[in-house]
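So this one's my_file-v5.txt, compact mmCIF, C-alpha atoms:
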```
# COMPACT_ATOMS: atom_id res chain seq x y z
CA MET A 26 15.29 -48.41 -35.82
CA GLY A 27 12.57 -46.34 -37.50
CA ARG A 28 10.10 -47.21 -34.74
CA GLN A 29 12.60 -46.19 -32.03
CA LEU A 30 13.29 -42.87 -33.78
CA THR A 31 9.57 -42.15 -34.02
CA ILE A 32 9.09 -42.87 -30.32
CA ALA A 33 12.05 -40.65 -29.44
CA ILE A 34 10.71 -37.74 -31.51
CA LEU A 35 7.25 -38.18 -29.98
CA ALA A 36 8.69 -38.22 -26.47
CA ILE A 37 10.69 -35.05 -27.09
CA THR A 38 7.61 -33.32 -28.54
CA VAL A 39 5.41 -34.29 -25.58
CA VAL A 40 8.02 -33.11 -23.05
CA ALA A 41 8.44 -29.82 -24.92
CA LEU A 42 4.69 -29.22 -24.99
CA LEU A 43 4.31 -30.06 -21.33
CA HIS A 44 7.24 -27.81 -20.46
CA SER A 45 5.75 -24.93 -22.41
CA THR A 46 2.34 -25.37 -20.81
CA ALA A 47 3.74 -25.64 -17.28
CA ALA A 48 6.17 -22.77 -17.77
CA GLN A 49 3.94 -20.00 -19.05
CA GLN A 50 2.52 -17.87 -16.26
CA THR A 51 -0.10 -15.13 -16.29
CA HIS A 52 0.51 -12.16 -13.98
CA VAL A 53 -2.52 -9.98 -13.14
CA VAL A 54 -0.96 -6.58 -12.51
CA GLY A 55 -1.82 -5.38 -9.01
CA ASP A 56 -3.81 -8.58 -8.36
CA LYS A 57 -7.26 -7.61 -7.00
CA PHE A 58 -6.19 -3.97 -6.91
CA GLY A 59 -6.01 -3.81 -10.70
CA TRP A 60 -4.49 -1.03 -12.79
CA LEU A 61 -5.35 2.47 -11.53
CA VAL A 62 -3.83 5.50 -9.79
CA PRO A 63 -2.63 3.83 -6.58
CA PRO A 64 -2.55 5.31 -3.08
CA GLY A 65 1.02 5.91 -2.01
CA GLY A 66 2.25 6.51 -5.56
CA ALA A 67 4.37 4.15 -7.69
CA TYR A 68 5.42 2.35 -4.51
CA ALA A 69 2.35 0.11 -4.79
CA TYR A 70 3.29 -1.37 -8.17
CA GLU A 71 6.97 -1.57 -7.20
CA ALA A 72 5.90 -3.71 -4.24
CA TRP A 73 3.72 -5.89 -6.44
CA ALA A 74 6.46 -6.44 -9.03
CA GLU A 75 8.93 -7.55 -6.36
CA THR A 76 6.65 -10.46 -5.50
CA GLN A 77 6.74 -11.81 -9.05
CA THR A 78 9.23 -13.71 -11.22
CA PHE A 79 8.85 -12.76 -14.88
CA ALA A 80 10.11 -15.06 -17.63
CA VAL A 81 9.96 -15.17 -21.43
CA GLY A 82 6.55 -16.43 -22.51
CA ASP A 83 4.66 -15.04 -19.52
CA ILE A 84 1.66 -12.74 -19.95
CA LEU A 85 0.84 -9.50 -18.13
CA VAL A 86 -2.86 -8.73 -17.70
CA PHE A 87 -3.93 -5.16 -16.90
CA ASN A 88 -7.49 -4.84 -15.53
CA PHE A 89 -8.98 -1.35 -15.52
CA THR A 90 -12.13 0.66 -16.18
CA ASN A 91 -12.53 1.40 -19.88
CA GLY A 92 -12.54 5.11 -20.56
CA ASP A 93 -11.02 5.98 -17.19
CA GLN A 94 -7.70 4.19 -17.62
CA ASP A 95 -5.41 2.81 -20.31
CA VAL A 96 -1.96 1.19 -20.46
CA ALA A 97 1.00 1.90 -22.69
CA ARG A 98 4.28 0.09 -23.11
CA VAL A 99 7.00 2.75 -23.36
CA THR A 100 10.75 3.22 -23.37
CA LYS A 101 12.79 3.57 -20.20
CA GLU A 102 13.23 7.30 -20.80
CA ALA A 103 9.50 7.81 -21.37
CA PHE A 104 8.81 5.82 -18.20
CA LYS A 105 11.08 8.06 -16.13
CA THR A 106 9.61 11.29 -17.49
CA CYS A 107 6.01 10.05 -17.87
CA ASN A 108 6.07 10.93 -21.55
CA SER A 109 3.28 9.19 -23.47
CA THR A 110 3.79 10.98 -26.80
CA ASN A 111 5.17 7.99 -28.72
CA PRO A 112 4.31 4.77 -26.88
CA LEU A 113 5.58 1.46 -28.21
CA THR A 114 2.09 0.03 -27.70
CA LEU A 115 -1.10 1.60 -26.36
CA LYS A 116 -4.13 -0.41 -25.22
CA THR A 117 -7.38 1.25 -24.18
CA THR A 118 -9.67 -1.73 -23.64
CA SER A 119 -9.59 -3.91 -20.53
CA PRO A 120 -8.34 -6.52 -19.95
CA ALA A 121 -5.14 -5.61 -21.80
CA ASN A 122 -2.67 -8.45 -22.31
CA PHE A 123 1.05 -8.13 -23.05
CA THR A 124 3.15 -11.20 -23.88
CA LEU A 125 6.71 -11.00 -22.58
CA ASP A 126 8.52 -12.35 -25.61
CA THR A 127 12.09 -11.21 -24.98
CA ILE A 128 14.56 -11.01 -22.11
CA GLY A 129 15.09 -7.54 -20.63
CA GLU A 130 13.29 -4.61 -19.06
CA TYR A 131 9.68 -3.66 -19.80
CA TYR A 132 8.05 -0.35 -18.91
CA PHE A 133 4.35 0.47 -18.68
CA ILE A 134 2.46 3.66 -17.79
CA GLY A 135 -1.07 5.08 -17.75
CA THR A 136 -1.36 7.87 -20.31
CA LYS A 137 -4.44 9.60 -18.90
CA ASP A 138 -3.98 13.06 -17.36
CA LYS A 139 -1.32 12.93 -14.59
CA HIS A 140 -1.94 9.22 -13.96
CA CYS A 141 1.69 8.26 -14.55
CA GLY A 142 2.99 11.08 -12.36
CA LEU A 143 0.67 9.93 -9.58
CA GLY A 144 2.09 6.40 -9.64
CA GLN A 145 0.31 4.46 -12.39
CA LYS A 146 3.52 3.01 -13.75
CA LEU A 147 5.21 -0.38 -13.71
CA ALA A 148 8.76 -1.51 -14.49
CA ILE A 149 9.69 -5.19 -14.62
CA ASN A 150 12.68 -7.30 -15.61
CA VAL A 151 12.17 -10.44 -17.69
CA THR A 152 14.64 -13.30 -17.33
CA ALA A 153 15.14 -16.49 -19.29
CA GLU A 154 12.43 -19.11 -19.59
CA HIS A 155 11.03 -20.79 -16.49
CA GLY A 156 13.05 -23.84 -15.61
CA SER A 157 16.38 -22.49 -16.87
CA PRO A 158 19.19 -23.51 -14.52
CA THR A 159 20.12 -20.87 -11.95
CA PRO A 160 23.10 -20.87 -9.59
CA SER A 161 22.47 -22.11 -6.08
CA PRO A 162 22.11 -19.26 -3.59
CA ALA A 163 24.95 -18.67 -1.18
CA PRO A 164 24.21 -19.65 2.42
CA LYS A 165 22.92 -16.79 4.55
CA PRO A 166 25.25 -15.53 7.26
CA SER A 167 24.15 -16.00 10.86
CA PRO A 168 22.24 -12.97 12.16
CA ALA A 169 24.32 -10.62 14.26
CA PRO A 170 23.29 -9.77 17.82
CA ARG A 171 21.82 -6.31 18.26
CA GLY A 172 19.76 -4.15 20.56
CA ALA A 173 16.00 -3.77 20.54
CA VAL A 174 14.44 -2.34 17.38
CA THR A 175 11.03 -0.85 16.63
CA TYR A 176 9.70 -1.87 13.21
CA ILE A 177 7.10 0.39 11.59
CA VAL A 178 4.69 -2.06 9.99
CA GLY A 179 4.37 -1.29 6.29
CA ASP A 180 6.99 1.48 6.54
CA HIS A 181 5.55 4.77 5.24
CA PHE A 182 2.54 2.92 3.80
CA GLY A 183 1.29 2.22 7.32
CA TRP A 184 -1.41 -0.21 8.49
CA ILE A 185 -4.26 -0.06 5.97
CA VAL A 186 -6.09 -2.29 3.52
CA PRO A 187 -3.12 -2.72 1.16
CA PRO A 188 -2.98 -2.93 -2.62
CA GLY A 189 -2.29 -6.48 -3.72
CA GLY A 190 -3.99 -8.09 -0.72
CA GLU A 191 -2.25 -9.87 2.15
CA LEU A 192 0.88 -10.36 0.06
CA ALA A 193 1.79 -6.72 0.78
CA TYR A 194 2.50 -7.30 4.48
CA ALA A 195 4.09 -10.69 3.81
CA THR A 196 6.35 -8.75 1.45
CA TRP A 197 7.14 -6.19 4.13
CA ALA A 198 8.03 -8.88 6.70
CA TYR A 199 10.19 -10.90 4.32
CA GLY A 200 13.91 -10.58 5.02
CA LYS A 201 13.44 -8.97 8.43
CA THR A 202 14.68 -10.63 11.63
CA PHE A 203 12.40 -10.18 14.61
CA TYR A 204 13.97 -10.75 18.04
CA VAL A 205 12.49 -10.98 21.50
CA GLY A 206 12.54 -7.43 22.83
CA ASP A 207 11.69 -5.79 19.50
CA THR A 208 8.52 -3.74 19.06
CA LEU A 209 6.00 -3.48 16.22
CA GLU A 210 4.47 -0.07 15.59
CA PHE A 211 1.15 0.03 13.69
CA ASN A 212 0.30 3.45 12.29
CA PHE A 213 -3.31 4.00 11.28
CA THR A 214 -6.16 6.50 11.43
CA THR A 215 -8.04 6.17 14.71
CA GLY A 216 -11.67 5.28 14.06
CA GLU A 217 -10.95 3.92 10.57
CA GLN A 218 -8.61 1.07 11.44
CA ASP A 219 -7.55 -1.02 14.39
CA VAL A 220 -5.14 -3.90 15.03
CA ALA A 221 -5.63 -7.14 16.92
CA ARG A 222 -3.18 -9.81 17.96
CA VAL A 223 -4.93 -13.11 17.29
CA THR A 224 -4.43 -16.87 17.10
CA LYS A 225 -3.24 -18.63 13.96
CA GLU A 226 -6.78 -19.93 13.30
CA ALA A 227 -8.30 -16.47 13.65
CA PHE A 228 -5.61 -15.11 11.34
CA GLU A 229 -6.34 -17.71 8.67
CA SER A 230 -10.14 -17.42 8.92
CA CYS A 231 -10.31 -13.68 9.68
CA ASN A 232 -12.70 -14.54 12.51
CA ILE A 233 -12.10 -13.33 16.08
CA SER A 234 -15.56 -14.02 17.49
CA ASN A 235 -14.37 -17.01 19.52
CA THR A 236 -10.97 -15.74 20.62
CA ASN A 237 -9.64 -13.48 23.34
CA ALA A 238 -7.94 -11.14 20.91
CA THR A 239 -5.95 -8.15 22.11
CA VAL A 240 -7.38 -5.23 20.12
CA GLN A 241 -5.88 -1.74 19.99
CA THR A 242 -8.07 0.98 18.50
CA THR A 243 -5.88 4.07 18.77
CA GLY A 244 -3.00 4.69 16.39
CA PRO A 245 -0.10 4.41 16.68
CA ALA A 246 -0.41 1.03 18.42
CA TYR A 247 2.59 -0.81 19.86
CA PHE A 248 3.14 -4.52 20.45
CA LYS A 249 6.30 -5.66 22.22
CA LEU A 250 7.57 -9.07 21.11
CA GLU A 251 8.15 -10.76 24.45
CA THR A 252 8.37 -14.46 23.56
CA VAL A 253 9.80 -16.70 20.86
CA GLY A 254 7.30 -17.99 18.32
CA GLN A 255 4.74 -16.89 15.76
CA TYR A 256 2.69 -13.71 16.10
CA TYR A 257 -0.46 -12.95 14.11
CA PHE A 258 -2.15 -9.58 13.60
CA ILE A 259 -5.26 -8.51 11.70
CA GLY A 260 -7.57 -5.53 11.25
CA THR A 261 -11.00 -6.28 12.73
CA LYS A 262 -13.02 -3.63 10.88
CA ASP A 263 -15.49 -4.82 8.23
CA LYS A 264 -13.70 -7.08 5.69
CA ARG A 265 -10.32 -5.44 6.38
CA CYS A 266 -8.69 -8.77 7.17
CA GLU A 267 -10.14 -10.54 4.12
CA LEU A 268 -8.85 -7.72 1.93
CA GLY A 269 -5.30 -8.18 3.19
CA GLN A 270 -4.89 -6.23 6.42
CA LYS A 271 -3.08 -9.06 8.17
CA LEU A 272 0.48 -9.81 9.22
CA ALA A 273 2.24 -12.98 10.39
CA ILE A 274 5.81 -12.95 11.72
CA ASN A 275 8.18 -15.34 13.47
CA VAL A 276 10.11 -14.13 16.51
CA THR A 277 13.43 -15.69 17.51
CA ALA A 278 15.79 -15.27 20.45
CA ASN A 279 18.52 -12.67 20.18
CA PRO A 280 21.78 -14.59 19.62
CA GLY A 281 23.79 -11.99 21.49
CA PRO A 282 23.73 -10.61 25.05
CA ASN A 283 20.65 -8.96 26.48
CA PRO A 284 19.77 -5.99 24.32
CA SER A 285 20.83 -2.65 25.66
CA PRO A 286 18.10 -0.17 26.48
CA SER A 287 17.13 1.88 23.48
CA VAL A 288 17.11 5.65 23.41
CA PRO A 289 13.68 7.30 23.00
CA ALA A 290 13.16 9.25 19.81
CA PRO A 291 13.69 13.01 20.18
CA ALA A 292 10.68 15.28 20.61
CA PRO A 293 9.28 16.79 17.39
CA THR A 294 11.06 19.92 16.19
CA PRO A 295 8.97 23.05 16.83
CA ARG A 296 7.60 24.66 13.68
CA GLY A 297 5.23 27.32 12.48
CA PRO A 298 1.91 26.86 10.64
CA VAL A 299 1.92 24.75 7.47
CA THR A 300 -0.49 24.56 4.53
CA TYR A 301 -1.27 21.02 3.35
CA THR A 302 -2.76 20.44 -0.11
CA VAL A 303 -5.13 17.50 0.40
CA GLY A 304 -4.17 14.63 -1.90
CA ASP A 305 -1.23 16.63 -3.26
CA LYS A 306 -1.34 16.36 -7.09
CA LEU A 307 -4.33 14.04 -6.94
CA GLY A 308 -6.47 16.82 -5.46
CA TRP A 309 -9.92 16.25 -3.92
CA ILE A 310 -11.73 13.73 -6.12
CA VAL A 311 -13.38 10.33 -5.97
CA PRO A 312 -10.18 8.28 -5.67
CA GLY A 313 -9.41 4.87 -7.10
CA THR A 314 -9.68 3.32 -3.65
CA GLY A 315 -11.42 3.99 -0.36
CA TYR A 316 -8.18 4.46 1.58
CA ALA A 317 -6.37 6.93 -0.71
CA TYR A 318 -6.82 9.90 1.63
CA ALA A 319 -5.99 7.85 4.72
CA SER A 320 -2.76 6.96 2.93
CA TRP A 321 -2.14 10.65 2.13
CA ALA A 322 -2.68 11.70 5.76
CA TYR A 323 -0.46 8.96 7.16
CA GLY A 324 2.87 10.25 8.45
CA LYS A 325 1.79 13.88 8.52
CA THR A 326 1.62 15.89 11.74
CA PHE A 327 -1.28 18.35 11.89
CA ILE A 328 -1.14 21.04 14.56
CA VAL A 329 -3.42 23.91 15.52
CA GLY A 330 -2.77 26.76 13.10
CA ASP A 331 -2.18 24.58 10.03
CA THR A 332 -4.40 24.90 6.96
CA LEU A 333 -5.91 22.29 4.64
CA VAL A 334 -6.43 23.24 0.98
CA PHE A 335 -8.94 21.23 -1.06
CA ASN A 336 -8.53 21.54 -4.85
CA PHE A 337 -11.39 20.23 -7.01
CA ALA A 338 -13.43 20.89 -10.14
CA ASN A 339 -16.27 23.31 -9.37
CA ASP A 340 -19.80 21.95 -9.87
CA THR A 341 -18.55 18.33 -9.79
CA GLN A 342 -17.15 18.19 -6.25
CA ASP A 343 -17.47 19.94 -2.91
CA VAL A 344 -16.08 19.52 0.60
CA ALA A 345 -18.04 19.30 3.83
CA VAL A 346 -16.92 19.48 7.46
CA VAL A 347 -18.86 16.76 9.29
CA THR A 348 -19.11 14.89 12.56
CA LYS A 349 -17.44 11.55 13.18
CA SER A 350 -20.77 9.75 12.88
CA ALA A 351 -21.55 11.44 9.55
CA TYR A 352 -18.06 10.59 8.34
CA GLU A 353 -18.38 6.91 9.22
CA ASN A 354 -21.90 6.56 7.78
CA CYS A 355 -21.41 8.93 4.81
CA THR A 356 -24.51 10.93 5.73
CA THR A 357 -24.82 14.60 4.74
CA ASN A 358 -28.02 15.61 6.50
CA ASN A 359 -26.35 17.59 9.28
CA THR A 360 -23.08 18.98 7.97
CA ILE A 361 -21.11 21.50 10.00
CA ALA A 362 -20.14 23.46 6.88
CA VAL A 363 -20.15 22.89 3.10
CA TYR A 364 -17.86 24.60 0.57
CA THR A 365 -18.55 24.50 -3.17
CA LYS A 366 -15.93 26.77 -4.76
CA SER A 367 -12.37 25.57 -5.26
CA PRO A 368 -9.83 26.02 -3.81
CA VAL A 369 -11.18 25.72 -0.27
CA SER A 370 -8.86 26.62 2.62
CA ILE A 371 -9.82 25.39 6.09
CA LEU A 372 -7.91 26.56 9.15
CA LEU A 373 -7.36 23.92 11.82
CA ASN A 374 -8.02 26.05 14.89
CA THR A 375 -8.84 23.36 17.47
CA SER A 376 -7.14 20.18 18.58
CA GLY A 377 -8.85 16.83 18.17
CA GLU A 378 -10.28 14.85 15.31
CA HIS A 379 -11.49 16.58 12.14
CA PHE A 380 -13.65 14.89 9.49
CA PHE A 381 -14.30 15.86 5.86
CA THR A 382 -16.44 14.32 3.12
CA SER A 383 -18.10 15.23 -0.17
CA THR A 384 -21.88 15.69 -0.29
CA TYR A 385 -22.21 14.58 -3.91
CA ASP A 386 -24.09 11.33 -4.46
CA ARG A 387 -21.99 8.29 -3.39
CA HIS A 388 -18.72 10.28 -3.46
CA CYS A 389 -18.12 9.65 0.24
CA VAL A 390 -18.98 5.95 -0.06
CA LEU A 391 -16.49 5.68 -2.94
CA GLY A 392 -13.67 7.11 -0.82
CA GLN A 393 -13.88 10.90 -1.00
CA LYS A 394 -13.44 11.33 2.75
CA LEU A 395 -10.65 12.40 5.07
CA ALA A 396 -10.09 12.03 8.81
CA ILE A 397 -7.18 13.66 10.61
CA ASN A 398 -6.08 14.25 14.21
CA VAL A 399 -4.89 17.73 15.15
CA THR A 400 -2.59 18.25 18.10
CA ALA A 401 -1.90 21.39 20.09
CA SER A 402 0.71 23.79 18.78
CA SER A 403 4.19 22.36 19.27
CA THR A 404 5.67 25.68 20.31
CA ALA A 405 4.84 29.29 21.05
CA THR A 406 7.46 30.49 18.59
CA SER A 407 7.40 30.19 14.81
CA PRO A 408 10.75 29.13 13.36
CA SER A 409 11.69 30.50 9.99
CA GLY A 410 11.26 28.34 6.92
CA SER A 411 7.73 27.10 7.59
CA VAL A 412 5.04 27.53 4.97
CA ALA A 413 2.62 30.32 5.78
CA PRO A 414 -1.04 29.36 5.35
CA SER A 415 -3.21 31.07 2.78
CA SER A 416 -6.23 33.05 3.93
CA PRO A 417 -8.88 30.49 4.83
CA THR A 418 -12.46 30.85 3.67
CA THR A 419 -13.65 29.79 7.10
CA SER A 420 -12.42 28.63 10.46
CA THR A 421 -13.89 25.31 11.44
CA GLY A 422 -13.03 22.47 13.73
CA GLY A 423 -14.20 18.92 14.15
CA PRO A 424 -15.32 17.45 17.43
CA GLY A 425 -12.70 17.93 20.11
CA SER A 426 -10.84 14.96 21.52
CA ALA A 427 -7.55 14.30 23.19
CA PRO A 428 -4.61 14.31 20.78
CA ALA A 429 -3.09 11.01 19.77
CA PRO A 430 -0.10 9.92 21.84
CA SER A 431 3.28 10.99 20.57
CA SER A 432 5.67 8.30 19.47
CA SER A 433 8.49 7.50 21.87
CA ALA A 434 10.03 4.29 20.66
CA PRO A 435 13.39 2.55 20.34
CA SER A 436 15.60 3.07 17.32
CA LYS A 437 13.53 2.46 14.21
CA ILE A 438 13.92 0.59 10.96
CA GLY A 439 11.23 2.20 8.85
CA SER A 440 12.04 3.35 5.34
CA GLY A 441 12.84 1.34 2.27
CA HIS A 442 11.08 -0.66 -0.38
CA PHE A 443 9.29 -3.90 0.25
CA THR A 444 11.72 -6.71 -0.55
CA PHE A 445 10.17 -10.05 -1.10
CA VAL A 446 11.00 -12.93 -3.42
CA LEU A 447 8.21 -15.41 -4.00
CA ILE A 448 9.45 -18.68 -5.44
CA SER A 449 6.89 -21.31 -6.25
CA MET A 450 7.61 -23.66 -9.06
CA ALA A 451 6.19 -27.03 -9.96
CA ALA A 452 6.95 -29.26 -12.92
CA PHE A 453 4.86 -32.21 -14.00
CA PHE A 454 6.14 -34.76 -16.44
CA PHE A 455 4.16 -37.68 -17.71
CA TYR A 456 5.60 -40.79 -19.14
```

This entry written out as C-alpha cells:
Amino acid sequence: MGRQLTIAILAITVVALLHSTAAQQTHVVGDKFGWLVPPGGAYAYEAWAETQTFAVGDILVFNFTNGDQDVARVTKEAFKTCNSTNPLTLKTTSPANFTLDTIGEYYFIGTKDKHCGLGQKLAINVTAEHGSPTPSPAPKPSPAPRGAVTYIVGDHFGWIVPPGGELAYATWAYGKTFYVGDTLEFNFTTGEQDVARVTKEAFESCNISNTNATVQTTGPAYFKLETVGQYYFIGTKDKRCELGQKLAINVTANPGPNPSPSVPAPAPTPRGPVTYTVGDKLGWIVPGTGYAYASWAYGKTFIVGDTLVFNFANDTQDVAVVTKSAYENCTTNNTIAVYTKSPVSILLNTSGEHFFTSTYDRHCVLGQKLAINVTASSTATSPSGSVAPSSPTTSTGGPGSAPAPSSSAPSKIGSGHFTFVLISMAAFFFY
C-alpha cells in the first residue's frame, strides 16, 4: 500500500513538472523588430499581439537599446493617455522580462519622450494556463457567393519589410477568402520595393534566380487571381524576402454565379495645395527602422503645389534634396540643395519623383531618407477647406518622371486590423 502511494505521488509530481515545463512560453515582443517606436504607430504591436496566445506563467521579453528605450507596465487608463507618471513597474535595462502571473489585461508603454504617443505601446490579455480545456469552436458557415473584390495587401501598412517578419502578411491573409476573379493590389514606393509572383520553392528559399518570376517594379502593382490554387509573392530587393516581405494565399472557386463586373473607383476629389509634416509627430530624425518614412508616405497623394515641412533639431540633423542615385546609395557628394535650419519647407513644384536624405554621417543608411512621387495638379480650381502651404525656403524638384498610374480597381476591402490566431500546442508526457 505504502509503495503504491509513493509511486502515485511520484507520478503526479513528474506529470505536474512536465506540464509546467511544456506550458510556459516566452514571447519576444515584436520578434526580430524588438521594442522601439514602430512605423505605422501602435498598429505594429497590435498586429504582433494578435498572433500570440498569452497564458498564466508565460514571460514577455522586451529587447531594446539601453538609454534610448525603456518599458513600463501601467494601468489601462495610463495606457490610453500615455501617462507614465506612476508606472506599476519600470524597467530600463534590456532585455526586460515580465512574468504573466495572473489572468487579465496587461498594459505596457515606452516612457521616453513621445514614444508612447508614436505607437510604442502594447496591450495583451492573459487567459488561464496552457492546456486548460476550451470549448470546441463552432463550425464555420459556408462562404457566400459575391462579386470580384480587390484586396489591398497589408491594408494601410502597404507592401514593405514588415515588423514581426513574414508573420505580418500571414496575419493579414488569415480569415480572408480569395476567389478566382479577385485582385491583389500591392502598394509600395517605386524604386524602393517591388513584387514578384514566384513558385513555392522560390517563396520558401527567397531565391528567384532559377525561376521565371513575374516581377512588377512600379507601385501600385496589380495581380488578378485567375486560377484556383496557391499563389506566392515576394519582394526581390536585397534581403526583403528574408526579412518578411512575402505572402502566400490560397485561391478557391467562387461558389456562386459568375461575379458581376465591378465598378471602378471614382476619380480623386479635386483639392488645393496641402502642407505635409514629414513623419508627423516623429519629425525628421534617424528612425527606428529603415522603412519608417516609406510607411509615412504610403497612402498619401502628393500633387504639384503641395509643401513638405521637415522638423528637426538644428545642428544634429539636416535635409538634402538629392538625385535617385544618391538616394539609393546614400551619397552626399552632389546634392541638389541642403537645408540646415529647422523647420524646412520645400515646395513641390514639378511632377515626378522627389528624393530627400540627411547628409549627417550614416543618417541616410540608418533610414533618414524619403522618396515620394508627385503628380500633376488634380484641378485648376482650389476648393475651400484645404490647408494652405507655409512660405517655403526654396523651390526644388527631384528628377522628372511620369506620374504613377492612378488606381482604378474593383470594390475594395482595405481597412481594419490584422486578425490572425496562431494555435500551436504540443504536449509530451513520459511514462

_Excluding stretch 142-154 of chain A and its own-chain neighbours fewer than 2 positions away, which residues fall within 9 Å of it when counting only C-alpha atoms? Please give them as a ChimeraX atom specification._
/A:48-49,54,60-71,74-75,78-83,96,101,104,106-107,125-136,138-140,156-157,306-307

Contacts between stretch 235-259 of chain A and stretch 166-229 of chain A, please, where a residue of stretch 166-229 of chain A counts if it comes within 8 Å (with all atoms listed in the file); show its shortest atom pair and distance in Å to one decimal, rows by chain and ascending number, as a Markdown table.
```
| residue | atom | partner | partner_atom | distance |
| --- | --- | --- | --- | --- |
| A:Tyr204 | CA | A:Leu250 | CA | 7.3 |
| A:Val205 | CA | A:Glu251 | CA | 5.3 |
| A:Gly206 | CA | A:Leu250 | CA | 5.5 |
| A:Asp207 | CA | A:Leu250 | CA | 5.5 |
| A:Thr208 | CA | A:Lys249 | CA | 4.3 |
| A:Leu209 | CA | A:Phe248 | CA | 5.2 |
| A:Glu210 | CA | A:Tyr247 | CA | 4.7 |
| A:Phe211 | CA | A:Ala246 | CA | 5.1 |
| A:Asn212 | CA | A:Pro245 | CA | 4.5 |
| A:Phe213 | CA | A:Gly244 | CA | 5.2 |
| A:Thr214 | CA | A:Gly244 | CA | 6.2 |
| A:Thr215 | CA | A:Thr243 | CA | 5.1 |
| A:Gly216 | CA | A:Thr242 | CA | 7.2 |
| A:Gln218 | CA | A:Thr242 | CA | 7.1 |
| A:Asp219 | CA | A:Thr242 | CA | 4.6 |
| A:Val220 | CA | A:Gln241 | CA | 5.5 |
| A:Ala221 | CA | A:Val240 | CA | 4.1 |
| A:Arg222 | CA | A:Phe258 | CA | 4.5 |
| A:Val223 | CA | A:Ala238 | CA | 5.1 |
| A:Thr224 | CA | A:Tyr257 | CA | 6.3 |
| A:Lys225 | CA | A:Tyr257 | CA | 6.3 |
| A:Ala227 | CA | A:Thr236 | CA | 7.5 |
| A:Phe228 | CA | A:Tyr257 | CA | 6.2 |
```

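Atom CA of A:Thr110 is found 26.6 Å from atom CA of A:Phe337.
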
*Counting only C-alpha atoms, what is within 10 Å of A:Asp340, bar same-chain residues fewer than 5 positions away, as a list in words?*
Thr365, Lys366, Ser367 and Tyr385 of chain A

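Compared by their closest atoms to A:Asp305, and using only C-alpha atoms, the residues A:Tyr199, A:Phe335, A:Phe89, A:Phe327 rank with A:Phe335 nearest.
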
*asked:* Just checking: using all atoms listed in the file, which residue out of A:Val399, A:Ala97, A:Val299, A:Ile84 ends up closest to A:Thr124?
replied: A:Ile84

*asked:* Could you check the closest approach to A:Glu267 for each of A:Cys141, A:Lys57, A:Thr382, A:Gly377 and tell me which residue wins, using all atoms listed in the file?
replied: A:Lys57

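Atom pair atom CA of A:Gln270 / atom CA of A:Trp73 has a distance of 15.5 Å (rounded to one decimal).
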
*asked:* Would you compute the distance between atom CA of A:Phe182 and atom CA of A:Gly200? Give it in Å to one decimal.
replied: 17.7 Å

Using only C-alpha atoms, determine which residues lie at most 7 Å from A:Tyr194, disregarding the query and same-chain residues fewer than 4 positions distant; provide the list as a tab-separated table (two decimals) with C-alpha atoms, in the coordinates of the input.
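Produced file around-v9.tsv, reproduced below:
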```tsv
chain	number	residue	atom	x	y	z
A	179	GLY	CA	4.37	-1.29	6.29
A	198	ALA	CA	8.03	-8.88	6.70
A	271	LYS	CA	-3.08	-9.06	8.17
A	272	LEU	CA	0.48	-9.81	9.22
```
